[in-house]
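Visitor: Structure file final_22.txt (compact mmCIF, C-alpha atoms and all ligand atoms) is given on the next line.
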# COMPACT_ATOMS: atom_id res chain seq x y z
CA MET A 1 0.00 0.00 0.00
CA ALA A 2 1.34 3.44 -0.95
CA SER A 3 2.12 5.58 2.07
CA LYS A 4 -0.21 8.53 2.40
CA ILE A 5 1.35 12.00 2.27
CA ASN A 6 -0.10 13.59 5.37
CA ASP A 7 0.63 17.27 4.88
CA LEU A 8 -0.98 20.00 2.82
CA SER A 9 1.22 19.52 -0.26
CA LYS A 10 -1.42 17.48 -2.11
CA LEU A 11 -4.42 19.53 -1.00
CA SER A 12 -6.33 21.60 -3.51
CA VAL A 13 -9.49 23.54 -2.78
CA HIS A 14 -12.19 24.24 -5.37
CA THR A 15 -13.09 27.93 -5.47
CA GLN A 16 -16.74 26.85 -5.29
CA THR A 17 -16.02 25.33 -1.86
CA THR A 18 -15.55 28.85 -0.52
CA ARG A 19 -18.23 30.33 -2.76
CA PRO A 20 -18.56 33.68 -0.96
CA TRP A 21 -14.97 34.51 -2.01
CA GLY A 22 -13.90 35.85 -5.39
CA ILE A 23 -10.73 34.58 -7.05
CA GLU A 24 -8.55 37.23 -5.37
CA GLU A 25 -9.70 36.21 -1.87
CA CYS A 26 -9.38 32.52 -2.71
CA ALA A 27 -5.78 32.91 -3.90
CA LYS A 28 -4.74 35.09 -0.95
CA ASN A 29 -6.52 33.14 1.78
CA TYR A 30 -5.63 29.66 0.52
CA SER A 31 -2.00 30.67 0.15
CA GLU A 32 -1.87 32.24 3.61
CA ALA A 33 -3.41 29.06 5.02
CA GLY A 34 -0.59 27.02 3.48
CA ILE A 35 -2.76 25.58 0.69
CA HIS A 36 -1.15 25.96 -2.73
CA GLY A 37 -3.46 23.87 -4.91
CA ILE A 38 -6.50 25.59 -6.40
CA THR A 39 -9.23 24.25 -8.67
CA ILE A 40 -10.84 27.19 -10.41
CA TRP A 41 -14.53 27.39 -11.18
CA ARG A 42 -15.26 29.48 -14.23
CA ASN A 43 -17.80 31.72 -12.49
CA VAL A 44 -14.95 33.45 -10.61
CA LEU A 45 -13.33 34.34 -13.94
CA GLU A 46 -16.29 36.30 -15.31
CA ASN A 47 -15.25 39.79 -16.41
CA LYS A 48 -11.65 39.16 -15.36
CA ASN A 49 -8.49 39.59 -17.33
CA LEU A 50 -6.91 36.15 -17.43
CA LYS A 51 -3.36 37.53 -17.55
CA ASP A 52 -4.00 39.46 -14.34
CA ILE A 53 -5.47 36.36 -12.69
CA LYS A 54 -2.50 34.27 -13.79
CA SER A 55 -0.01 36.73 -12.30
CA LEU A 56 -2.09 36.98 -9.10
CA LEU A 57 -1.97 33.19 -8.79
CA ASP A 58 1.77 33.20 -9.43
CA ASP A 59 2.30 35.91 -6.81
CA TYR A 60 0.58 33.72 -4.23
CA ASP A 61 2.42 30.62 -5.43
CA MET A 62 -0.83 28.90 -6.36
CA LYS A 63 -0.81 25.84 -8.60
CA VAL A 64 -3.91 25.54 -10.76
CA VAL A 65 -4.94 21.90 -10.56
CA SER A 66 -7.91 22.03 -12.87
CA LEU A 67 -10.63 24.20 -14.37
CA CYS A 68 -14.29 23.47 -13.57
CA ARG A 69 -16.20 22.99 -15.71
CA GLY A 70 -16.87 22.19 -19.33
CA GLY A 71 -19.33 19.70 -20.75
CA PHE A 72 -23.14 19.94 -21.00
CA PHE A 73 -22.93 18.56 -24.53
CA PRO A 74 -26.29 16.79 -25.01
CA SER A 75 -29.42 18.50 -26.15
CA VAL A 76 -32.39 17.67 -28.35
CA ASN A 77 -31.69 21.07 -29.89
CA THR A 78 -28.86 21.43 -32.45
CA THR A 79 -28.32 25.12 -31.72
CA GLN A 80 -27.89 24.28 -28.06
CA ARG A 81 -25.33 21.59 -28.87
CA GLU A 82 -23.35 24.00 -31.05
CA SER A 83 -23.38 26.62 -28.33
CA ALA A 84 -22.03 23.99 -25.89
CA ILE A 85 -19.15 23.30 -28.28
CA ARG A 86 -18.30 27.01 -28.40
CA ASP A 87 -18.41 27.23 -24.62
CA ASN A 88 -16.08 24.25 -24.28
CA LEU A 89 -13.62 25.76 -26.76
CA PHE A 90 -13.65 28.92 -24.66
CA ALA A 91 -13.03 26.85 -21.51
CA ILE A 92 -9.96 25.34 -23.19
CA GLU A 93 -8.69 28.86 -23.92
CA GLN A 94 -9.22 29.83 -20.28
CA ALA A 95 -7.50 26.68 -19.00
CA ALA A 96 -4.49 27.28 -21.24
CA ALA A 97 -4.24 30.93 -20.16
CA LEU A 98 -4.25 29.94 -16.48
CA GLY A 99 -1.96 26.94 -16.86
CA ALA A 100 -4.69 24.50 -15.79
CA PRO A 101 -3.64 21.02 -16.95
CA SER A 102 -7.21 19.74 -17.18
CA ILE A 103 -10.84 20.71 -17.53
CA VAL A 104 -13.45 18.73 -15.62
CA LEU A 105 -16.41 17.81 -17.80
CA VAL A 106 -19.86 17.71 -16.25
CA CYS A 107 -21.08 16.00 -19.35
CA GLY A 108 -24.77 16.89 -19.35
CA ALA A 109 -28.05 15.12 -20.13
CA ASP A 110 -31.32 16.07 -21.75
CA SER A 111 -34.45 14.49 -20.34
CA GLY A 112 -36.10 14.88 -23.76
CA GLN A 113 -34.06 11.98 -25.09
CA THR A 114 -32.65 8.67 -23.86
CA LEU A 115 -29.51 8.42 -21.76
CA GLU A 116 -27.91 6.42 -24.57
CA LYS A 117 -28.57 9.27 -27.02
CA SER A 118 -27.15 11.78 -24.53
CA ARG A 119 -24.05 9.62 -24.14
CA GLU A 120 -23.59 9.52 -27.92
CA GLN A 121 -23.77 13.31 -28.04
CA ILE A 122 -21.27 13.56 -25.16
CA ALA A 123 -18.77 11.42 -27.07
CA GLU A 124 -19.39 13.46 -30.25
CA GLY A 125 -18.88 16.69 -28.32
CA ILE A 126 -15.62 15.56 -26.74
CA ILE A 127 -14.31 14.39 -30.11
CA ARG A 128 -15.26 17.76 -31.64
CA ILE A 129 -13.14 19.74 -29.14
CA LEU A 130 -10.25 17.28 -28.97
CA SER A 131 -7.94 18.85 -31.57
CA THR A 132 -8.23 22.26 -29.85
CA ALA A 133 -7.52 20.62 -26.48
CA LYS A 134 -4.52 18.93 -28.05
CA SER A 135 -3.03 22.16 -29.43
CA ALA A 136 -3.60 23.84 -26.07
CA GLY A 137 -2.14 20.89 -24.15
CA VAL A 138 -5.25 20.70 -21.94
CA LYS A 139 -6.64 17.38 -20.76
CA LEU A 140 -10.37 16.63 -20.55
CA ALA A 141 -11.61 14.77 -17.49
CA ILE A 142 -15.01 13.08 -17.73
CA GLU A 143 -16.62 13.26 -14.28
CA PRO A 144 -19.30 10.64 -13.62
CA LEU A 145 -22.09 12.11 -11.50
CA HIS A 146 -24.33 10.32 -9.02
CA PRO A 147 -27.38 8.79 -10.76
CA MET A 148 -29.67 11.33 -9.05
CA TYR A 149 -28.35 13.78 -11.66
CA ALA A 150 -29.01 11.54 -14.68
CA GLY A 151 -32.09 13.57 -15.66
CA ASP A 152 -30.36 16.86 -16.30
CA ARG A 153 -26.69 17.09 -15.32
CA SER A 154 -24.98 13.96 -16.58
CA ALA A 155 -25.81 10.82 -18.51
CA ILE A 156 -22.52 9.39 -17.25
CA ASN A 157 -23.20 8.04 -13.80
CA THR A 158 -20.68 5.33 -13.05
CA LEU A 159 -16.93 5.11 -13.29
CA LYS A 160 -17.45 2.18 -15.65
CA GLN A 161 -19.35 4.39 -18.10
CA ALA A 162 -16.65 7.08 -17.88
CA ASN A 163 -13.89 4.51 -18.37
CA ASP A 164 -15.75 2.96 -21.31
CA MET A 165 -16.04 6.35 -22.97
CA ALA A 166 -12.43 7.36 -22.35
CA GLU A 167 -11.23 4.03 -23.73
CA MET A 168 -13.51 4.34 -26.74
CA ILE A 169 -12.20 7.86 -27.53
CA ASN A 170 -8.70 6.52 -26.95
CA SER A 171 -6.70 9.72 -26.54
CA SER A 172 -4.05 10.46 -23.93
CA LEU A 173 -5.91 13.75 -23.36
CA VAL A 174 -9.25 12.23 -22.41
CA GLY A 175 -9.58 10.67 -18.98
CA VAL A 176 -11.65 10.73 -15.84
CA ALA A 177 -12.27 12.77 -12.69
CA ILE A 178 -13.18 10.61 -9.70
CA ASP A 179 -15.39 12.26 -7.09
CA VAL A 180 -16.15 10.26 -3.94
CA TYR A 181 -19.50 12.06 -3.56
CA HIS A 182 -20.73 10.62 -6.84
CA LEU A 183 -19.16 7.17 -6.72
CA TRP A 184 -18.78 5.96 -3.12
CA TRP A 185 -21.81 3.62 -3.32
CA ASP A 186 -20.59 1.65 -6.34
CA ASP A 187 -19.50 -1.91 -5.52
CA MET A 188 -17.29 -1.91 -8.64
CA LEU A 189 -15.47 1.26 -7.62
CA LYS A 190 -12.14 -0.24 -6.59
CA TYR A 191 -11.98 -2.35 -9.73
CA GLU A 192 -12.84 0.60 -11.98
CA ILE A 193 -10.26 2.85 -10.24
CA ILE A 194 -7.57 0.27 -10.99
CA ARG A 195 -8.81 -0.04 -14.58
CA CYS A 196 -8.84 3.74 -15.01
CA ALA A 197 -5.31 4.20 -13.71
CA ALA A 198 -3.97 1.30 -15.78
CA GLN A 199 -5.08 3.20 -18.91
CA ASN A 200 -3.47 6.44 -17.61
CA HIS A 201 -6.96 7.91 -17.49
CA LEU A 202 -7.06 8.97 -13.85
CA PHE A 203 -6.70 12.76 -14.03
CA ASN A 204 -8.47 14.23 -10.99
CA PHE A 205 -9.65 13.16 -7.53
CA HIS A 206 -12.38 15.09 -5.67
CA VAL A 207 -13.31 14.66 -2.01
CA CYS A 208 -16.13 15.68 0.33
CA ASP A 209 -18.68 13.66 2.29
CA TRP A 210 -22.26 12.37 1.98
CA ASN A 211 -24.49 13.72 4.75
CA VAL A 212 -27.12 11.43 6.24
CA PRO A 213 -29.77 12.58 5.72
CA THR A 214 -28.94 14.78 2.74
CA ASN A 215 -31.27 17.78 2.84
CA ASP A 216 -30.49 19.17 -0.60
CA PHE A 217 -29.23 17.18 -3.57
CA LEU A 218 -26.95 19.95 -4.74
CA ASN A 219 -25.84 22.13 -1.88
CA ASP A 220 -25.72 19.86 1.15
CA ARG A 221 -22.40 18.13 0.74
CA GLY A 222 -20.47 17.34 3.90
CA LEU A 223 -16.97 18.15 5.04
CA MET A 224 -14.80 15.04 5.13
CA GLY A 225 -15.78 13.15 8.29
CA ASP A 226 -19.30 14.62 8.47
CA GLY A 227 -20.95 11.79 6.58
CA CYS A 228 -20.77 8.15 5.59
CA ILE A 229 -18.23 7.92 2.75
CA ASN A 230 -15.19 5.71 3.33
CA ILE A 231 -12.96 8.51 2.02
CA GLN A 232 -9.68 7.22 3.44
CA GLU A 233 -10.22 3.82 1.89
CA ILE A 234 -11.13 5.26 -1.53
CA ARG A 235 -8.12 7.58 -1.37
CA SER A 236 -5.91 4.57 -0.64
CA TRP A 237 -7.32 2.78 -3.71
CA VAL A 238 -6.55 5.85 -5.82
CA GLU A 239 -3.05 6.33 -4.42
CA ASP A 240 -2.22 2.64 -4.56
CA THR A 241 -2.43 2.95 -8.35
CA GLY A 242 0.49 5.40 -8.24
CA PHE A 243 -1.72 8.49 -8.62
CA MET A 244 0.39 11.48 -7.56
CA GLY A 245 -2.17 14.21 -8.15
CA TYR A 246 -4.01 16.45 -5.73
CA ASN A 247 -6.87 15.67 -3.38
CA GLU A 248 -9.35 18.34 -4.40
CA VAL A 249 -11.85 19.44 -1.77
CA GLU A 250 -15.12 20.20 -3.53
CA ILE A 251 -17.94 20.99 -1.12
CA PHE A 252 -21.17 22.75 -2.08
CA SER A 253 -22.81 23.61 1.21
CA ASP A 254 -25.34 26.27 2.08
CA LYS A 255 -24.50 25.48 5.71
CA TYR A 256 -20.76 26.10 5.43
CA TRP A 257 -21.13 29.02 2.99
CA ALA A 258 -23.09 30.83 5.71
CA THR A 259 -20.15 30.59 8.14
CA ASP A 260 -16.89 32.55 8.40
CA GLN A 261 -14.88 31.28 5.41
CA LYS A 262 -11.45 31.62 7.04
CA ALA A 263 -12.56 29.51 10.00
CA TYR A 264 -14.11 27.06 7.52
CA LEU A 265 -10.82 26.81 5.63
CA GLU A 266 -9.11 25.80 8.89
CA LYS A 267 -11.81 23.13 9.35
CA ILE A 268 -11.13 21.90 5.82
CA LYS A 269 -7.41 21.59 6.58
CA HIS A 270 -8.10 19.71 9.78
CA ALA A 271 -10.61 17.37 8.09
CA TYR A 272 -8.15 16.81 5.26
CA LEU A 273 -5.32 15.87 7.60
CA THR A 274 -7.40 13.66 9.90
CA LYS A 275 -10.36 12.28 7.91
CA THR A 276 -9.16 12.04 4.33
ZN ZN A 301 -16.41 16.71 -8.49
When written as structure tokens, how does the structure in this file appear?
Guide:
Amino acid sequence: MASKINDLSKLSVHTQTTRPWGIEECAKNYSEAGIHGITIWRNVLENKNLKDIKSLLDDYDMKVVSLCRGGFFPSVNTTQRESAIRDNLFAIEQAAALGAPSIVLVCGADSGQTLEKSREQIAEGIIRILSTAKSAGVKLAIEPLHPMYAGDRSAINTLKQANDMAEMINSSLVGVAIDVYHLWWDDMLKYEIIRCAAQNHLFNFHVCDWNVPTNDFLNDRGLMGDGCINIQEIRSWVEDTGFMGYNEVEIFSDKYWATDQKAYLEKIKHAYLTKT
């Protein structure tokens, strides 16, 4: 078993985790807290000059782990699908400008058609943007989402489906983002993690916890240790494959967003070091 690195060097925080903060506050406060990995959500980039953001991140010695998010490819409507392609091409530009090695794809679904049809359109969409991703040197990470989101957010709901698609597309730039929130319940998870890593498709690893009961299907994620996910075990499966990437804390939580974000960041560090 790989020995776990138990310091903050492999910790990244998603900007959405501390949603009340803009990108400037995220960079400054993460850095001052000793956290140097950042996963940037595109909402914090709106109306910003990417060169300025890049130099701000450099000033605070922040490493951009990934950009969230691209995807949302499927639609019954052609115009909608074309507009998704344009948005993904723009995301690639943003990722390249910020030095983000990957973009996480929340692949999308349209309840007006079958999941199979949505999956076809997801594969078509990824293939359409692949040459641009290649020239930019940006990887694309398919993130399977929990089946409760199959109606509208993603037709890819298991790691098996994500692995199948990445293997079918067969490019070193297309892989998978593993998020414990979406996948902890799957009895094939360990097997599929090993399969994913063996194909060099394991790009990103997201952590948080599953609250019991969960009061909101979007914004009631738990801090590691709050809920019932065997996070340490899943992390050990991931790291046993030789994965050397970051552990990205991605928590959407109305409860934590309402608290003091600096104190919350300290809680995140503590939960990362003791419960992750
Ligand atoms: Zn995630």
Visitor: Give as a compact mmCIF listing (two decimals) with C-alpha atoms, keeping the file's coordinate frame the residues surrounding ligand ZN 301 (chain A) up to a distance of 9 Å, considering only C-alpha atoms and all ligand atoms.
Guide:
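Wrote it out as pocket_14.txt, contents follow:
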# COMPACT_ATOMS: atom_id res chain seq x y z
CA CYS A 68 -14.29 23.47 -13.57
CA VAL A 104 -13.45 18.73 -15.62
CA VAL A 106 -19.86 17.71 -16.25
CA GLU A 143 -16.62 13.26 -14.28
CA PRO A 144 -19.30 10.64 -13.62
CA LEU A 145 -22.09 12.11 -11.50
CA ALA A 177 -12.27 12.77 -12.69
CA ILE A 178 -13.18 10.61 -9.70
CA ASP A 179 -15.39 12.26 -7.09
CA VAL A 180 -16.15 10.26 -3.94
CA TYR A 181 -19.50 12.06 -3.56
CA HIS A 182 -20.73 10.62 -6.84
CA ASN A 204 -8.47 14.23 -10.99
CA PHE A 205 -9.65 13.16 -7.53
CA HIS A 206 -12.38 15.09 -5.67
CA VAL A 207 -13.31 14.66 -2.01
CA CYS A 208 -16.13 15.68 0.33
CA GLU A 248 -9.35 18.34 -4.40
CA VAL A 249 -11.85 19.44 -1.77
CA GLU A 250 -15.12 20.20 -3.53
CA ILE A 251 -17.94 20.99 -1.12
Visitor: Go through A:Asn215, A:Ser135, A:Gln16, A:Gln261 and flag the residue nearest Leu89 in chain A, using all atoms listed in the file for the distances.
Guide: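 When distances to Leu89 in chain A are compared using all atoms listed in the file, the smallest one comes from A:Ser135.
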Visitor: Pick from A:Ser171, A:Asn6, A:Gln121, A:Asn200: nearest to Thr78 in chain A, with all atoms listed in the file counted?
Guide: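 Under the stated criterion, the closest residue is A:Gln121.
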Visitor: Can you pull out every residue within 9 Å of Tyr60 in chain A, counting all atoms listed in the file, but drop anything in the same chain fewer than 2 positions away, and send it as a compact mmCIF listing (two decimals) with C-alpha atoms, keeping the file's coordinate frame?
Guide:
# COMPACT_ATOMS: atom_id res chain seq x y z
CA ALA A 27 -5.78 32.91 -3.90
CA LYS A 28 -4.74 35.09 -0.95
CA TYR A 30 -5.63 29.66 0.52
CA SER A 31 -2.00 30.67 0.15
CA GLU A 32 -1.87 32.24 3.61
CA HIS A 36 -1.15 25.96 -2.73
CA SER A 55 -0.01 36.73 -12.30
CA LEU A 56 -2.09 36.98 -9.10
CA LEU A 57 -1.97 33.19 -8.79
CA ASP A 58 1.77 33.20 -9.43
CA MET A 62 -0.83 28.90 -6.36
Visitor: Set the distance at 7 Å and use all atoms listed in the file: which residues neighbour Ala96 in chain A once local chain neighbours fewer than 3 positions away are removed? I'd like the list as a PyMOL selection string.
Guide: chain A and resi 92-93+99-100+136+138
